[in-house]
Amino acid sequence: ATSTTAAEVSVEKVSEKQWVVVKFGGTSVSYGDTWLQIVTRVRELQNGPDGSSYNVLLVLSALTQVTNRLELSIKEALSQKEITSLAWIEETHRRLAKEVGLDPSALREVLELLKELDQLLYGVSLLKEESPRLRARVCSFGERLSTLMAVQILKFHGLECALMQAGDLLLSDTALNAPEEDKFLNANVTPRSDRENTEAIIREKCGNASLVVTQGFIGRTARGETCLLGRGGSDTSGSLMAGLLQAHHYEIWTDVYGMFSGDPRKMPHARLIKRLGSRQAQELAACGAKVLHPRCIMPSAIFGIPIEIHNTMDPSSEYTYIDVDDIAVLAPDDRVLSSLSASVSKSLRSSASPARPSSHSPCTGSP
């Protein structure tokens, strides 16, 4: 039998069901009890109490602190010290597997990937050098490991799903002559909306799965190499994918309730902002509201896709809803979007370490 290509699949009509893109952050994917909330939310979206039913794309971060440990592992390899970070990463994933009740055999692919990482770090220790390209490869293992775990956990709970590599959807258009740091560690992906072709790619890789798991943070260069969207870029990954799929909406699940009028730790009367426009949200995120990555607003907003920010630890609580305002009137022309996306990325890089806002600033996010 011959395999089906994306070109052949593309002749099929788009799915009758709309997509919802749901991003879960590091804290949300790290513990057994939070995974119960993830499973519950997926089931609600697939079979809602109001009769609604969506295809679901889960975009996942690495388990909490894993990316930091991966960066430390490079330093350990360069200094030819024992790579203790690798053992910590393995134990962290074993601990999660035990919390959710997985059989040890379910970790087979996770352990194989950790062996691949071990070999890569061994090469670093021999050569005693690193590069942005290598750092991107090493740091991508966090999301690759978490999504392998996710597939096993979801199947354990009776949810059929398929794993999609994020690089098959997010292709960097950073200039080939750009600095290596930009190409591999802070890559730019132009927002686009192409549901038919994106669904064709998903069907080619995942069949007719209505629940697809993929990585945040990771993309692919024009030459097929791994690149990263910058620290915190999982929010942006989900937003870009929501645009590609013309999603009904985009959900971000994290460990806080949403965007606040001030820092609740310093302002006792700070209030949760239940609804605001995309332009306001962009400004709040850019000047310090850490709950939201600054670059994640635009890719959804320009295609009219609202964003919701929920607390995984308190899923039935109130949340922030980011409505689409006049920023969405931008014409979806590739040249315009590419220029705008690059401009936003450049401005965010130049202000990567903004002055800490005062306790009275409306730009301060929740803890």
# chains A, B, ... in the order shown; residues from 1 in each chain; ligands from 1
>>> select_by_dssp(residues="region 165-296 of chain A", states="helix (DSSP H, G or I)", output="PyMOL selection string")
chain A and resi 166-168+180-185+195-206+234-244+278-286+294-296
>>> residues_around(residues="Leu134 (chain A)", least_positions_apart="4", cutoff="10 Å", atoms="only C-alpha atoms", output="compact mmCIF listing (two decimals) with all heavy atoms, in the first residue's frame")
# COMPACT_ATOMS: atom_id res chain seq x y z
N ILE A 74 24.13 21.25 29.48
CA ILE A 74 25.14 21.67 28.50
C ILE A 74 26.38 22.18 29.23
O ILE A 74 27.51 21.84 28.88
CB ILE A 74 24.57 22.74 27.57
CG1 ILE A 74 23.38 22.20 26.77
CG2 ILE A 74 25.65 23.25 26.60
CD1 ILE A 74 22.67 23.25 25.92
N LEU A 120 23.99 12.90 22.80
CA LEU A 120 24.23 14.25 22.30
C LEU A 120 25.13 15.02 23.27
O LEU A 120 26.09 15.70 22.86
CB LEU A 120 22.90 14.98 22.11
CG LEU A 120 22.94 16.40 21.56
CD1 LEU A 120 23.61 16.44 20.19
CD2 LEU A 120 21.53 16.97 21.46
N LEU A 121 24.85 14.89 24.57
CA LEU A 121 25.66 15.59 25.57
C LEU A 121 27.06 15.00 25.67
O LEU A 121 28.04 15.71 25.95
CB LEU A 121 24.96 15.52 26.93
CG LEU A 121 23.66 16.32 27.03
CD1 LEU A 121 22.92 15.99 28.33
CD2 LEU A 121 23.93 17.82 26.95
N VAL A 124 29.05 16.71 23.18
CA VAL A 124 29.41 18.05 23.64
C VAL A 124 30.65 17.98 24.54
O VAL A 124 31.57 18.79 24.43
CB VAL A 124 28.24 18.71 24.40
CG1 VAL A 124 28.67 20.03 25.03
CG2 VAL A 124 27.06 18.93 23.47
N GLU A 129 32.61 22.27 22.97
CA GLU A 129 32.08 23.50 22.37
C GLU A 129 30.58 23.36 22.16
O GLU A 129 30.05 22.25 22.04
CB GLU A 129 32.78 23.81 21.06
CG GLU A 129 32.60 22.76 19.98
CD GLU A 129 33.34 23.10 18.69
OE1 GLU A 129 34.53 23.46 18.77
OE2 GLU A 129 32.72 22.99 17.60
N GLU A 130 29.93 24.50 22.13
CA GLU A 130 28.50 24.53 21.88
C GLU A 130 28.19 25.61 20.85
O GLU A 130 29.04 26.41 20.49
CB GLU A 130 27.74 24.82 23.18
CG GLU A 130 28.04 26.20 23.74
CD GLU A 130 26.97 26.72 24.69
OE1 GLU A 130 25.79 26.40 24.48
OE2 GLU A 130 27.34 27.46 25.61
N VAL A 138 19.26 20.57 22.17
CA VAL A 138 19.20 20.05 23.54
C VAL A 138 17.94 20.54 24.26
O VAL A 138 17.22 19.76 24.89
CB VAL A 138 20.46 20.46 24.33
CG1 VAL A 138 20.31 20.12 25.81
CG2 VAL A 138 21.70 19.77 23.75
N CYS A 139 17.65 21.83 24.16
CA CYS A 139 16.50 22.38 24.89
C CYS A 139 15.17 21.90 24.34
O CYS A 139 14.15 21.95 25.04
CB CYS A 139 16.56 23.91 24.88
SG CYS A 139 17.87 24.58 25.94
N SER A 140 15.13 21.41 23.12
CA SER A 140 13.88 20.90 22.56
C SER A 140 13.46 19.58 23.20
O SER A 140 12.29 19.17 23.10
CB SER A 140 14.00 20.71 21.04
OG SER A 140 14.85 19.59 20.73
N PHE A 184 18.18 30.14 15.65
CA PHE A 184 17.93 28.90 16.37
C PHE A 184 17.30 29.06 17.75
O PHE A 184 16.64 28.14 18.22
CB PHE A 184 19.24 28.10 16.50
CG PHE A 184 19.76 27.62 15.18
CD1 PHE A 184 20.83 28.25 14.56
CD2 PHE A 184 19.17 26.54 14.53
CE1 PHE A 184 21.30 27.81 13.34
CE2 PHE A 184 19.63 26.10 13.30
CZ PHE A 184 20.70 26.73 12.69
N LEU A 185 17.49 30.19 18.40
CA LEU A 185 17.00 30.34 19.77
C LEU A 185 15.88 31.36 19.92
O LEU A 185 15.22 31.40 20.95
CB LEU A 185 18.16 30.73 20.70
CG LEU A 185 19.32 29.72 20.74
CD1 LEU A 185 20.44 30.26 21.62
CD2 LEU A 185 18.85 28.37 21.24
N THR A 226 16.08 21.97 13.97
CA THR A 226 15.28 22.38 15.12
C THR A 226 15.61 23.82 15.50
O THR A 226 16.77 24.20 15.58
CB THR A 226 15.56 21.47 16.33
OG1 THR A 226 15.17 20.13 15.98
CG2 THR A 226 14.78 21.93 17.55
N CYS A 227 14.57 24.61 15.74
CA CYS A 227 14.75 25.97 16.26
C CYS A 227 13.73 26.20 17.37
O CYS A 227 12.78 25.44 17.52
CB CYS A 227 14.60 27.01 15.15
SG CYS A 227 12.96 27.07 14.39
>>> residues_around(residues="region 77-80 of chain A", least_positions_apart="3", cutoff="12 Å", atoms="only C-alpha atoms", output="compact mmCIF listing (two decimals) with C-alpha atoms, in the first residue's frame")
# COMPACT_ATOMS: atom_id res chain seq x y z
CA LEU A 70 18.66 21.02 30.01
CA GLU A 71 20.56 24.29 29.82
CA LEU A 72 22.53 23.26 32.92
CA SER A 73 23.31 19.89 31.32
CA ILE A 74 25.14 21.67 28.50
CA ILE A 83 25.76 15.32 34.14
CA THR A 84 23.51 15.17 37.18
CA SER A 85 20.79 17.10 35.36
CA LEU A 86 20.07 14.11 33.14
CA LEU A 117 20.00 13.15 24.78
CA ASP A 118 22.77 11.42 26.72
CA GLN A 119 24.62 10.66 23.48
CA LEU A 120 24.23 14.25 22.30
CA LEU A 121 25.66 15.59 25.57
CA TYR A 122 28.52 13.08 25.40
CA GLY A 123 29.43 14.59 22.05
CA VAL A 124 29.41 18.05 23.64
CA SER A 125 31.82 16.86 26.36
CA LEU A 126 34.20 15.47 23.74
CA LEU A 127 34.19 18.52 21.47
CA LYS A 128 34.10 20.99 24.38
CA GLU A 129 32.08 23.50 22.37
CA GLU A 130 28.50 24.53 21.88
CA SER A 131 26.50 26.61 19.41
CA VAL A 138 19.20 20.05 23.54
>>> residues_around(residues="region 177-181 of chain A", least_positions_apart="3", cutoff="12 Å", atoms="only C-alpha atoms", output="compact mmCIF listing (two decimals) with N, CA, C and O atoms, in the first residue's frame")
# COMPACT_ATOMS: atom_id res chain seq x y z
N GLU A 130 29.93 24.50 22.13
CA GLU A 130 28.50 24.53 21.88
C GLU A 130 28.19 25.61 20.85
O GLU A 130 29.04 26.41 20.49
N SER A 131 26.96 25.60 20.37
CA SER A 131 26.50 26.61 19.41
C SER A 131 25.02 26.82 19.62
O SER A 131 24.35 26.00 20.26
N PRO A 132 24.46 27.92 19.11
CA PRO A 132 23.00 28.09 19.21
C PRO A 132 22.24 26.92 18.60
O PRO A 132 21.19 26.52 19.12
N ARG A 133 22.77 26.36 17.52
CA ARG A 133 22.10 25.21 16.89
C ARG A 133 22.04 24.03 17.87
O ARG A 133 20.99 23.39 18.02
N LEU A 134 23.14 23.77 18.56
CA LEU A 134 23.17 22.66 19.51
C LEU A 134 22.29 22.95 20.72
O LEU A 134 21.57 22.07 21.21
N ARG A 135 22.32 24.18 21.22
CA ARG A 135 21.47 24.54 22.36
C ARG A 135 20.00 24.34 22.03
O ARG A 135 19.22 23.87 22.87
N ALA A 136 19.61 24.69 20.81
CA ALA A 136 18.22 24.49 20.39
C ALA A 136 17.86 23.01 20.40
O ALA A 136 16.78 22.62 20.87
N SER A 172 10.10 28.28 10.52
CA SER A 172 10.70 29.59 10.72
C SER A 172 11.00 30.27 9.40
O SER A 172 11.41 29.63 8.42
N ASP A 173 10.77 31.59 9.37
CA ASP A 173 11.16 32.36 8.19
C ASP A 173 12.22 33.41 8.56
O ASP A 173 12.36 34.42 7.90
N THR A 174 12.95 33.14 9.64
CA THR A 174 14.08 34.01 9.99
C THR A 174 15.08 33.98 8.86
O THR A 174 15.37 32.92 8.29
N PHE A 184 18.18 30.14 15.65
CA PHE A 184 17.93 28.90 16.37
C PHE A 184 17.30 29.06 17.75
O PHE A 184 16.64 28.14 18.22
N LEU A 185 17.49 30.19 18.40
CA LEU A 185 17.00 30.34 19.77
C LEU A 185 15.88 31.36 19.92
O LEU A 185 15.22 31.40 20.95
N ASN A 186 15.66 32.17 18.91
CA ASN A 186 14.59 33.17 18.97
C ASN A 186 13.98 33.32 17.57
O ASN A 186 13.85 34.42 17.04
N ALA A 187 13.59 32.20 17.01
CA ALA A 187 13.14 32.17 15.62
C ALA A 187 11.81 32.88 15.43
O ALA A 187 10.98 32.93 16.35
N ASN A 188 11.62 33.41 14.25
CA ASN A 188 10.38 34.09 13.90
C ASN A 188 9.54 33.21 12.97
O ASN A 188 10.05 32.64 12.01
N THR A 221 13.56 25.11 10.95
CA THR A 221 14.09 26.07 9.98
C THR A 221 13.80 25.60 8.56
O THR A 221 13.37 24.47 8.33
N CYS A 227 14.57 24.61 15.74
CA CYS A 227 14.75 25.97 16.26
C CYS A 227 13.73 26.20 17.37
O CYS A 227 12.78 25.44 17.52
N LEU A 228 13.97 27.23 18.16
CA LEU A 228 13.11 27.56 19.28
C LEU A 228 12.52 28.94 19.08
O LEU A 228 13.14 29.81 18.47
N LEU A 229 11.33 29.15 19.64
CA LEU A 229 10.66 30.44 19.51
C LEU A 229 10.99 31.40 20.64
O LEU A 229 10.35 32.43 20.80
N GLY A 230 12.00 31.09 21.44
CA GLY A 230 12.38 31.93 22.56
C GLY A 230 11.74 31.44 23.84
O GLY A 230 10.68 30.80 23.83
N ALA A 342 8.07 40.30 12.28
CA ALA A 342 9.49 40.57 12.52
C ALA A 342 9.66 41.83 13.34
O ALA A 342 10.53 41.91 14.22
N ARG A 349 12.66 41.80 21.59
CA ARG A 349 14.03 41.44 21.93
C ARG A 349 14.77 42.63 22.50
O ARG A 349 15.56 42.51 23.43
>>> select_by_dssp(residues="region 192-225 of chain A", states="strand (DSSP E)", output="list in words")
Leu211, Val212, Val213, Thr214, Gln215, Ile218, Gly219 and Arg220 of chain A
>>> write_last_selection(atoms="C-alpha atoms", output="CSV table (one decimal), in the first residue's frame")
chain,number,residue,atom,x,y,z
A,211,LEU,CA,-7.2,14.8,19.6
A,212,VAL,CA,-3.7,15.8,18.6
A,213,VAL,CA,-0.7,16.4,21.0
A,214,THR,CA,2.2,18.7,20.0
A,215,GLN,CA,5.0,20.7,21.4
A,218,ILE,CA,9.7,24.3,19.0
A,219,GLY,CA,9.8,25.0,15.3
A,220,ARG,CA,11.8,24.0,12.2
>>> residues_around(residues="region 102-116 of chain A", least_positions_apart="3", cutoff="8 Å", atoms="only C-alpha atoms", output="NGL selection string")
:A and (86 or 90 or 94 or 97-99 or 119-120 or 141 or 145 or 148-149 or 152-153 or 156)
>>> closest_residue(among="A:His269, A:Arg295, A:Ala285, A:His249", to="Val324 (chain A)", atoms="only C-alpha atoms")
A:His249
>>> atom_distance(atom1="CA of Gly304 (chain A)", atom2="CA of Met259 (chain A)")
20.1 Å
>>> closest_residue(among="A:Val66, A:Val56, A:Leu169, A:Val21", to="Ala87 (chain A)", atoms="only C-alpha atoms")
A:Val66
>>> residues_around(residues="Gly238 (chain A)", least_positions_apart="5", cutoff="7 Å", atoms="only C-alpha atoms", output="count of residues only")
4
>>> residues_around(residues="Gly25 (chain A)", least_positions_apart="2", cutoff="9 Å", atoms="only C-alpha atoms", output="ChimeraX atom specification")
/A:23,27-30,59-64,234-235,252-255
>>> write_last_selection(atoms="N, CA and C atoms", output="tab-separated table (two decimals), in the first residue's frame")
chain	number	residue	atom	x	y	z
A	23	LYS	N	-3.34	25.23	25.23
A	23	LYS	CA	-1.95	25.18	25.67
A	23	LYS	C	-1.89	25.02	27.18
A	27	THR	N	3.86	23.91	34.80
A	27	THR	CA	3.28	23.48	36.07
A	27	THR	C	2.06	22.58	35.82
A	28	SER	N	1.30	22.91	34.80
A	28	SER	CA	0.06	22.16	34.52
A	28	SER	C	0.33	20.73	34.08
A	29	VAL	N	1.46	20.48	33.41
A	29	VAL	CA	1.73	19.13	32.88
A	29	VAL	C	2.64	18.31	33.80
A	30	SER	N	2.95	18.83	35.00
A	30	SER	CA	3.99	18.21	35.82
A	30	SER	C	3.48	17.31	36.93
A	59	VAL	N	-1.23	21.80	23.00
A	59	VAL	CA	0.13	22.32	22.87
A	59	VAL	C	0.74	22.34	24.26
A	60	LEU	N	1.83	21.60	24.45
A	60	LEU	CA	2.36	21.39	25.80
A	60	LEU	C	3.77	21.93	25.98
A	61	SER	N	4.01	22.47	27.16
A	61	SER	CA	5.35	22.88	27.56
A	61	SER	C	6.09	21.68	28.15
A	62	ALA	N	7.38	21.86	28.41
A	62	ALA	CA	8.15	20.87	29.15
A	62	ALA	C	7.69	20.86	30.60
A	63	LEU	N	7.94	19.76	31.30
A	63	LEU	CA	7.66	19.71	32.73
A	63	LEU	C	8.44	20.84	33.41
A	64	THR	N	7.90	21.33	34.50
A	64	THR	CA	8.48	22.48	35.17
A	64	THR	C	9.94	22.25	35.53
A	234	SER	N	6.00	28.96	24.16
A	234	SER	CA	4.91	28.00	23.99
A	234	SER	C	3.57	28.70	23.81
A	235	ASP	N	3.39	29.83	24.50
A	235	ASP	CA	2.17	30.63	24.29
A	235	ASP	C	2.05	31.03	22.84
A	252	ILE	N	-5.32	29.18	27.10
A	252	ILE	CA	-4.03	29.06	27.78
A	252	ILE	C	-4.32	28.68	29.23
A	253	TRP	N	-3.83	27.53	29.65
A	253	TRP	CA	-4.03	27.06	31.02
A	253	TRP	C	-2.70	27.14	31.75
A	254	THR	N	-2.73	27.83	32.88
A	254	THR	CA	-1.50	28.09	33.61
A	254	THR	C	-1.78	27.99	35.11
A	255	ASP	N	-0.88	28.51	35.94
A	255	ASP	CA	-1.05	28.38	37.39
A	255	ASP	C	-1.56	29.66	38.04
>>> closest_residue(among="A:Pro268, A:Thr67, A:Arg275, A:Met241", to="Arg137 (chain A)", atoms="only C-alpha atoms")
A:Thr67
>>> atom_distance(atom1="CA of Glu225 (chain A)", atom2="CA of Leu292 (chain A)")
27.3 Å
>>> atom_distance(atom1="CA of Gly26 (chain A)", atom2="CA of Thr320 (chain A)")
19.4 Å
